[in-house]
Amino acid sequence: MTDSGIGRLDTSGRFCALRRLLAVPSVVALAATAGMGCGPQTEPAQARAPVAPGSSVAAAAVPAAPHVAAPKPPAQPPQVEAEQLKKGAIAIAERVAAAYPDDALSYALLGSAYFNTGQTEAAIQHLKRCLGLNPNQLEAYEILARVAYEKGEPEETVRLSGEVLKRGAATPDVLNRLGRALMDLGRTEDSVRTLRQATQLRQAVSESFYLLGQAQMQGGAPAEAKASFQQAIARSPEHTQAFFGLYTACQKLGQADEAARYREQFARLEAVNRKELTDRNADEETLTGLPMVRETVARTFFGAGQIYGSHEALEEASENLRRAAVLDAGNPAYRAALESLYVQRKIPAAGLKAFQQLIVQQPGNPLNSLYLGRFHARLEDFEAAERAYNHVRTFAPDQVVGHLALAELYMRMNRKTAEAPGLLRRVLQLEPSGQNFYLLAMAYMKIKNRTEALEAVQQALARNPGNQRYEQLRQQIQAQP
C-alpha cells in the first residue's frame with residue numbers, strides 16, 4: 001500500500017495545506033502539547049453539513065463518561081479489515097468531494113485516497129481536477145510526482161518535482177525522489193547537486209547521504225561517495241545498502257582491507273534483514289500490510305476532518321479526527337487537531353465530550369487521558385483533571401507527560417503545590433532539560449524554598465547558558481531576602 005502523504009506529518013516538519021486551513025499547530029508544537037509537557041518538546045525508515053450555533057455539539061454541560069471499554073466487535077481477519085479500511089477511506093474522501101465540489105483540497109484528498117489503494121489512474125484523474133480548481137495546489141503535484149516515479153517515468157518525475165519546488169520548501173522526500181530520477185536519466189551532475197542540497201537541509205536524513213553516494217559513484221568519484229556513505233551510516237548505523245556502497249567504493253579506491261570489512265558488515269546486516277523479513281511474514285497482520293493500511297487510512301480521515309473543520313462542519317470534523325486517532329493510537333497529531341477544533345471555537349465542554357468518547361474506545365491510551373485532563377483543566381475542574389493526569393502516569397509511568405502535566409496543574413491552580421517539586425524531580429530523571437529545571441525552580445518559588453529554587457535555575461542555565469528567561473529568574477531569586 002503506497003503512502004501519498006496527504007494529511008500527514010512529513011519529514012519537513014510541517015503539515016500539508018489541509019493543516020493550514022484549520023491552523024493546527026506545527027509538528028513541533030504538536031509534540032509539545034501531546035508531549036509531553038508544557039514547553040516545546042527519527043529518522044524515516046529507508047525506502048512510505050455545518051453545525052448551527054447553539055446546537056447540541058456546543059452544549060455547555062456534558063455529563064462525564066465512565067472510563068470503561070466499549071464492547072468490542074468480533075475480530076476480523078487482517079485481510080478483510082485491510083480491504084474494508086481502504087474502501088472506507090475512499091468512501092469518506094468521496095463524501096468530502098461531494099460536499100465541497102469547489103474546494104481543490106477535496107480532490108487532493110480523493111486523489112490521495114485512490115493512490116494509497118493502488119488505483120493510480122483514478123488518482124491522476126482527481127488530482128488533475130484539483131489542479132483545474134487551483135493550479136498551485138502543492139499536494140497534487142507531490143502525489144503526481146510519486147505516481148510518475150513509481151510508473152518509471154523519470155522525465156515526468158523531474159518536471160513535477162520542479163513544480164513542487166516552485167510552490168513549497170525543499171524537503172528530503174522531494175529532493176531524494178528528484179535526485180533518483182536525475183540519476184535514472186544519466187544526469188549525474190544535476191543529481192549530485194540536488195542530493196547535496198538534501199544533505200544540507202536542517203532535517204537531513206541518512207537516505208539523502210546514501211543516494212548522494214550512489215550518484216557520486218555513478219559520476220566516478222568513489223572517494224566522495226565513500227564519505228557520503230559514511231555519513232549515511234553515522235545517521236543510520238544499520239543502513240545495509242550504505243555498507244554495500246562503502247564496500248564498492250573501497251574496492252574502486254584499492255582499499256582491499258576496508259572493502260573486506262565493509263562487505264562483512266553488509267553480509268551480517270543482510271542476514272539480519274532476511275530473518276526480520278521471515279519473522280514479519282509469519283505475522284498475518286504484517287503480511288497483509290494491515291499496520292500500514294491503518295496508518296494511511298488514519299491520514300485520510302485526518303485530512304477529511306481538517307477539510308470539514310475549515311467549512312465549519314464541526315460534527316463531521318470531530319468524527320473523522322476521532323476515527324484517525326483510534327486507527328493510529330500512538331500518533332499525538334490527531335488528538336492535537338481534535339483539541340484545536342474545540343479550543344479555537346471556545347467550546348471546551350464539547351471537546352471534553354469528544355475525548356470522553358475516545359476513552360470509552362481506548363481506555364488505556366495515555367494520550368486520550370492527557371487531553372481529557374487538559375479539557376477538565378480548562379473547565380477549572382481540578383479533581384477531574386488530576387484524576388485524568390494520574391491515569392496518564394499509570395499508563396505511561398516512564399514518560400514525562402503525566403508527571404509534568406500534573407505538576408503544572410498543581411502550580412497553575414495553586415493547589416497541592418508542595419507536591420509539584422517531587423513530580424518535577426521525576427520528570428528530570430526522565431528528561432533533564434533546561435526547561436524542566438526552570439519549572440522546578442518555579443515550583444520551589446511557589447513554596448518559598450529559595451535555596452532549592454536557586455539551585456534548580458542554575459542547573460537550567462548550565463544547560464542553556466545565556467537563556468534570558470532563566471537568567472531573569474536567577475536574578476529575581478537572588479534579589480529575595
# chains A, B, ... in the order shown; residues from 1 in each chain; ligands from 1
>>> residues_around(residues="A:Arg235", least_positions_apart="3", cutoff="7 Å", atoms="only C-alpha atoms", output="list in words")
Ser206, Gln231 and Ala232 of chain A
>>> write_last_selection(atoms="N, CA and C atoms", output="PDB file, in the first residue's frame")
ATOM      1  N   SER A 206      19.423  10.093   6.550  1.00  0.00           N
ATOM      2  CA  SER A 206      20.508   9.235   6.077  1.00  0.00           C
ATOM      3  C   SER A 206      20.331   8.841   4.622  1.00  0.00           C
ATOM      4  N   GLN A 231      28.575   9.070   6.070  1.00  0.00           N
ATOM      5  CA  GLN A 231      27.620   9.996   6.686  1.00  0.00           C
ATOM      6  C   GLN A 231      26.246   9.331   6.842  1.00  0.00           C
ATOM      7  N   ALA A 232      25.855   8.539   5.856  1.00  0.00           N
ATOM      8  CA  ALA A 232      24.569   7.825   5.950  1.00  0.00           C
ATOM      9  C   ALA A 232      24.580   6.877   7.141  1.00  0.00           C
TER      10      ALA A 232
END
>>> residues_around(residues="stretch 243-255 of chain A", least_positions_apart="4", cutoff="6 Å", atoms="only C-alpha atoms", output="ChimeraX atom specification")
/A:222,226,259,262-263,266
>>> write_last_selection(atoms="N, CA and C atoms", output="PDB file, in the first residue's frame")
ATOM      1  N   PRO A 222      34.646   7.901  -6.348  1.00  0.00           N
ATOM      2  CA  PRO A 222      34.476   6.963  -5.232  1.00  0.00           C
ATOM      3  C   PRO A 222      34.922   7.516  -3.885  1.00  0.00           C
ATOM      4  N   LYS A 226      32.485   7.489  -0.807  1.00  0.00           N
ATOM      5  CA  LYS A 226      32.805   6.833   0.464  1.00  0.00           C
ATOM      6  C   LYS A 226      32.433   7.722   1.649  1.00  0.00           C
ATOM      7  N   ALA A 259      37.476  -2.690   2.287  1.00  0.00           N
ATOM      8  CA  ALA A 259      36.394  -3.262   1.471  1.00  0.00           C
ATOM      9  C   ALA A 259      35.924  -4.580   2.071  1.00  0.00           C
ATOM     10  N   TYR A 262      33.858  -3.915   5.230  1.00  0.00           N
ATOM     11  CA  TYR A 262      32.507  -3.410   4.943  1.00  0.00           C
ATOM     12  C   TYR A 262      31.634  -4.491   4.298  1.00  0.00           C
ATOM     13  N   ARG A 263      32.254  -5.359   3.498  1.00  0.00           N
ATOM     14  CA  ARG A 263      31.477  -6.445   2.911  1.00  0.00           C
ATOM     15  C   ARG A 263      30.977  -7.382   4.010  1.00  0.00           C
ATOM     16  N   PHE A 266      28.094  -5.704   5.707  1.00  0.00           N
ATOM     17  CA  PHE A 266      26.931  -5.771   4.832  1.00  0.00           C
ATOM     18  C   PHE A 266      26.278  -7.147   4.900  1.00  0.00           C
TER      19      PHE A 266
END
>>> residues_around(residues="A:Leu269", least_positions_apart="5", cutoff="12 Å", atoms="only C-alpha atoms", output="tab-separated table (two decimals) with N, CA and C atoms, in the first residue's frame")
chain	number	residue	atom	x	y	z
A	237	PRO	N	22.97	3.64	11.70
A	237	PRO	CA	24.07	2.67	11.79
A	237	PRO	C	23.79	1.30	11.17
A	238	GLU	N	22.54	0.99	10.88
A	238	GLU	CA	22.24	-0.31	10.28
A	238	GLU	C	21.70	-0.14	8.85
A	239	HIS	N	22.18	0.88	8.18
A	239	HIS	CA	21.78	1.12	6.78
A	239	HIS	C	22.52	0.11	5.91
A	240	THR	N	21.88	-1.00	5.65
A	240	THR	CA	22.52	-2.13	4.97
A	240	THR	C	23.15	-1.73	3.64
A	241	GLN	N	22.40	-1.02	2.81
A	241	GLN	CA	22.89	-0.69	1.48
A	241	GLN	C	24.05	0.30	1.51
A	242	ALA	N	24.10	1.13	2.55
A	242	ALA	CA	25.23	2.06	2.66
A	242	ALA	C	26.53	1.29	2.92
A	243	PHE	N	26.45	0.19	3.66
A	243	PHE	CA	27.65	-0.65	3.86
A	243	PHE	C	28.08	-1.28	2.53
A	244	PHE	N	27.10	-1.68	1.73
A	244	PHE	CA	27.46	-2.23	0.42
A	244	PHE	C	28.10	-1.14	-0.44
A	262	TYR	N	33.86	-3.91	5.23
A	262	TYR	CA	32.51	-3.41	4.94
A	262	TYR	C	31.63	-4.49	4.30
A	263	ARG	N	32.25	-5.36	3.50
A	263	ARG	CA	31.48	-6.44	2.91
A	263	ARG	C	30.98	-7.38	4.01
A	264	GLU	N	31.81	-7.62	5.00
A	264	GLU	CA	31.42	-8.49	6.12
A	264	GLU	C	30.25	-7.87	6.90
A	274	ARG	N	17.03	-10.46	6.39
A	274	ARG	CA	16.29	-11.63	5.89
A	274	ARG	C	15.51	-12.29	7.00
A	275	LYS	N	16.13	-12.40	8.18
A	275	LYS	CA	15.45	-13.02	9.32
A	275	LYS	C	14.24	-12.18	9.74
A	276	GLU	N	14.44	-10.85	9.80
A	276	GLU	CA	13.32	-9.98	10.18
A	276	GLU	C	12.19	-10.09	9.17
>>> residues_around(residues="A:Leu430", least_positions_apart="3", cutoff="8 Å", atoms="only C-alpha atoms", output="list of chain:residue names")
A:Asp398, A:Gln399, A:Val400, A:Arg426, A:Val427
>>> residues_around(residues="stretch 340-345 of chain A", least_positions_apart="3", cutoff="8 Å", atoms="only C-alpha atoms", output="JSON list (two decimals) with N, CA and C atoms, in the first residue's frame")
[["chain", "number", "residue", "atom", "x", "y", "z"],
["A", 22, "LEU", "N", -6.98, 24.71, 8.81],
["A", 22, "LEU", "CA", -7.53, 24.68, 10.16],
["A", 22, "LEU", "C", -6.63, 25.35, 11.18],
["A", 24, "VAL", "N", -3.96, 24.19, 12.52],
["A", 24, "VAL", "CA", -3.48, 23.26, 13.54],
["A", 24, "VAL", "C", -2.02, 23.57, 13.80],
["A", 309, "GLY", "N", -13.59, 20.75, 9.05],
["A", 309, "GLY", "CA", -13.41, 21.82, 10.02],
["A", 309, "GLY", "C", -13.27, 23.16, 9.36],
["A", 314, "LEU", "N", -18.64, 20.94, 12.17],
["A", 314, "LEU", "CA", -17.95, 20.51, 13.37],
["A", 314, "LEU", "C", -18.16, 19.04, 13.69],
["A", 318, "SER", "N", -15.10, 16.42, 13.83],
["A", 318, "SER", "CA", -14.78, 15.71, 15.06],
["A", 318, "SER", "C", -14.81, 14.20, 14.84],
["A", 336, "ALA", "N", -4.17, 16.32, 18.94],
["A", 336, "ALA", "CA", -3.91, 17.76, 18.99],
["A", 336, "ALA", "C", -4.84, 18.51, 18.04],
["A", 337, "ALA", "N", -5.09, 17.95, 16.86],
["A", 337, "ALA", "CA", -6.02, 18.58, 15.92],
["A", 337, "ALA", "C", -7.44, 18.57, 16.47],
["A", 348, "PRO", "N", -15.01, 24.29, 25.13],
["A", 348, "PRO", "CA", -14.26, 23.19, 25.78],
["A", 348, "PRO", "C", -15.13, 22.06, 26.28],
["A", 350, "ALA", "N", -17.64, 20.70, 24.81],
["A", 350, "ALA", "CA", -17.83, 19.78, 23.70],
["A", 350, "ALA", "C", -16.54, 18.99, 23.43],
["A", 351, "GLY", "N", -15.40, 19.64, 23.58],
["A", 351, "GLY", "CA", -14.13, 18.95, 23.44],
["A", 351, "GLY", "C", -13.96, 17.87, 24.49]]
